[in-house]
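Enquirer: What follows is a single structure, and I will ask about it in a moment.
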Amino acid sequence: MRSLTNNTIKGGLKMQKVMSSTEAISLIKNGDTVAVGGFIGCGHPEELTIKISECFLEKGLPNNLTLVYAAGQGDSKDKGLNHLGLEGLVSKVIGGHWGLAPKLVKLAIENKIQAYNLPQGVISHLYRDIAAGKPGTITHVGLKTFVDPRIDGGKLNTVTKEDIVKVIEIDNKEYLFYKSFPINVTLIRASYADEFGNATMEKEAVTLDGLSMAQAAKNSSGIVILQVEKIVATGTLDPRKVKIPGILVDAIVISKPENHMQTYAEQYNPSYNGEIKMALSNIPGLKLDERKIISRRAAMELIPNAITNLGIGVPEGISMVANEEGISSDLKVTLESGPIGGIPAGGLSFGASINPESILDQSNQFDFYDGGGLDIAFLGLAQCDENGNINVSKFGPKIAGCGGFINITQNSKKVVFCGTFTAGGLKIVIQDGKLNIIQDGKLNKFIKTVEQITFSGEYAIDVSQPVLYITERAVFKLTKDGVTLEEIAPGIDMQKDILDRMDFTPIISKNLKLMDKKLFNEGIVGIKLSTNK
């Protein structure tokens with residue numbers, strides 16, 4: 001492969017690194033393996049992926065690309081990796097989360113591309129291992145889930161044949177081995193760069209895997225294309241703030257402001273990168289509905305100063321409840337994207353954190369997670385079966401992907417799954433401290449067998465991991481005997497509203513009790529942090 005460093009001579013002159021997006025994208029060759037950085041909208045090089053799409057539609061070039069990415073990138077419509085969801089543009093995708101890029105999902109479902117879903121943290125670590133010339137990444141992450149080659153091996157459709165994950169044994173213990181591969185092109189984003197390519201990220205909400213991705217491409221004899229907000233004079237950047245050294249960068253593209261938003265929801269929020277500290281009283285609370293009930297009950301599991309992870313979706317509400325109840329200052333919330341401390345942003349700004357204490361590279365955050373650094377994690381609940389398995393990654397023809405879910409849930413000391421009891425049209429009324437089901441959801445979430453194992457109940461039992469499943473009407477616990485009903489909401493008929501809406505019969509706890517009535521009241525209800533780890 002080629003490498004277009006600043007030392008490359010062309011026509012007797014040094015090549016200029018600053019170029020138009022069209023010139024930069026012309027460096028990508030047909031069949032290249034292209035790694036793209038970003039987390040939802042944070043750090044995604046929108047200018048570059050737009051231009052790839054435009055060049056392909058105009059000239060048919062580049063084509064037949066292999067796309068690699070760790071975190072999901074997109075708005076579930078047109079942005080981010082959706083720009084690359086064109087038949088013929090990509091032929092193979094290895095991604096951590098798919099749900100935000102429905103145009104890629106469509107190609108996978110129609111068997112028009114080879115498609116793999118691997119844990120986000122594994123891909124993040126693969127970048128480092130590729131950079132270091134290692135044969136692959138060895139980890140326990142993914143055992144007994146759909147990524148395990150004894151189940152699906154991370155393959156998402158029938159046209160995907162090659163095994164890229166295998167089971168190995170070291171000292172009589174099983175691990176998964178994820179194979180390395182060369183990266184020909186890396187597309188990343190920074191805030192400012194000098195003319196040589198030294199780049200800083202002081203206006204970014206997260207730093208992600210930029211350095212590892214650039215090193216992986218460079219040590220694969222590939223190229224690095226960098227999107228920035230502005231170019232500054234060489235030698236004017238503080239070297240302590242340079243996250244991407246210029247020796248790794250081959251092309252620099254100045255982005256239009258609309259393609260360099262800090263997140264897909266906000267052009268720039270200075271509280272995400274520590275420029276200012278936002279007054280927490282300005283953060284709005286949740287209305288009293290099923291999501292707030294679940295968030296309140298989950299917040300009762302929070303432990304003072306415990307290192308915590310909050311997932312996307314319903315778990316986002318936990319930090320809002322904690323702030324409303326005045327207990328957020330006692331939390332140590334982390335996000336897999338890298339922030340530590342503060343309050344996670346929601347929606348299309350998820351991945352950023354309001355008032356973070358520090359922001360790590362994504363691979364370093366996953367090092368800590370995979371090694372057992374999390375005390376407790378709160379993740380979404382889409383499907384649960386009688387063995388306590390959870391599926392959040394695939395539903396019929398719909399591919400969501402696992403993202404960091406597997407890394408987080410397999411390794412946290414305690415995990416709490418949060419979600420509504422049924423899906424599709426649930427309507428409730430909360431009155432006089434009681435919950436009334438006006439219309440139940442069309443789909444049962446507690447089913448006999450999940451469609452895909454994103455979290456393994458068997459693995460949790462093997463490692464003695466405490467597991468809770470919290471809904472608006474019931475709380476379950478995973479035991480060696482199975483999924484056990486521990487609490488029901490006041491106003492709920494256990495038979496009609498719970499057991500009749502499950503496809504399996506749970507164990508009924510001998511100590512079955514009502515959920516705390518204060519969870520169903522308006523205003524501040526006095527939630528206290530748990531003292532039980």
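How things are named: the first chain in the structure tokens is A, the next is B, and so on; residues count from 1 in each chain; ligands count from 1 in the order shown.
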Output as a ChimeraX atom specification all residues of stretch 291-358 of chain A that backbone DSSP marks as strand (DSSP E).

Expert: /A:307-310,332-334,339-340,343-344,353-354,358

Enquirer: Skipping near chain neighbours, those fewer than 5 positions away, what residues fall within 7 Å of A:Ile470 using only C-alpha atoms, listed as a PyMOL selection string?

Expert: chain A and resi 294+298+417-419+475-476

Enquirer: Could you write out that same residue set with N, CA and C atoms as a compact mmCIF listing (two decimals), in the first residue's frame?

Expert:
```txt
# COMPACT_ATOMS: atom_id res chain seq x y z
N ILE A 294 -39.26 3.72 36.10
CA ILE A 294 -38.13 2.79 35.94
C ILE A 294 -36.83 3.46 36.39
N ALA A 298 -34.50 2.25 39.45
CA ALA A 298 -33.10 1.94 39.17
C ALA A 298 -32.17 2.80 40.02
N PHE A 417 -30.79 -4.17 34.21
CA PHE A 417 -31.43 -3.94 32.93
C PHE A 417 -32.72 -3.16 33.16
N CYS A 418 -32.94 -2.13 32.35
CA CYS A 418 -34.06 -1.20 32.57
C CYS A 418 -34.88 -1.06 31.29
N GLY A 419 -36.17 -1.25 31.41
CA GLY A 419 -37.04 -1.07 30.24
C GLY A 419 -38.48 -1.34 30.58
N VAL A 475 -40.10 -6.01 39.22
CA VAL A 475 -38.66 -6.12 39.33
C VAL A 475 -38.31 -7.60 39.47
N PHE A 476 -37.38 -8.07 38.64
CA PHE A 476 -36.94 -9.46 38.66
C PHE A 476 -35.46 -9.54 39.02
```

Enquirer: Just want the 7 Å neighbourhood of A:Phe177, counted on only C-alpha atoms, with same-chain residues fewer than 4 positions away dropped. Output as a list in words.

Expert: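 Once the nearby chain positions are removed, what remains is Gly136, Thr137, Ile138, Thr139, Val165, Lys166, Val167 and Ile168 of chain A.
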
Enquirer: So, with only C-alpha atoms as the atoms that count, which of A:Ala199, A:Ala216, A:Val36, A:Ala400 lies closest to A:Ser180?

Expert: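 Selected residue with least distance to A:Ser180: A:Ala216.
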
Enquirer: Hey, can you check how far atom CA of A:Lys496 sits from atom CA of A:Ile390?

Expert: 23.6 Å

Enquirer: Write out, as JSON lines, each residue of stretch 356-378 of chain A that has an atom at most 10 Å from stretch 262-278 of chain A, together with the closest pair of atoms and their distance in Å to one decimal, counting only C-alpha atoms, rows going by chain and rising number.

Expert:
```
{"residue": "A:Pro356", "atom": "CA", "partner": "A:Gly274", "partner_atom": "CA", "distance": 6.7}
{"residue": "A:Glu357", "atom": "CA", "partner": "A:Gly274", "partner_atom": "CA", "distance": 7.9}
{"residue": "A:Ser358", "atom": "CA", "partner": "A:Gly274", "partner_atom": "CA", "distance": 8.5}
{"residue": "A:Ile359", "atom": "CA", "partner": "A:Asn273", "partner_atom": "CA", "distance": 8.2}
```

Enquirer: Let me see the file: selected residues, C-alpha atoms, as an mmCIF file, in the first residue's frame.

Expert:
```cif
data_model
loop_
_atom_site.group_PDB
_atom_site.id
_atom_site.type_symbol
_atom_site.label_atom_id
_atom_site.label_comp_id
_atom_site.auth_asym_id
_atom_site.auth_seq_id
_atom_site.Cartn_x
_atom_site.Cartn_y
_atom_site.Cartn_z
ATOM 1 C CA PRO A 356 -17.064 15.800 32.956
ATOM 2 C CA GLU A 357 -14.111 15.453 35.321
ATOM 3 C CA SER A 358 -11.961 13.852 32.636
ATOM 4 C CA ILE A 359 -12.237 12.420 29.133
#
```
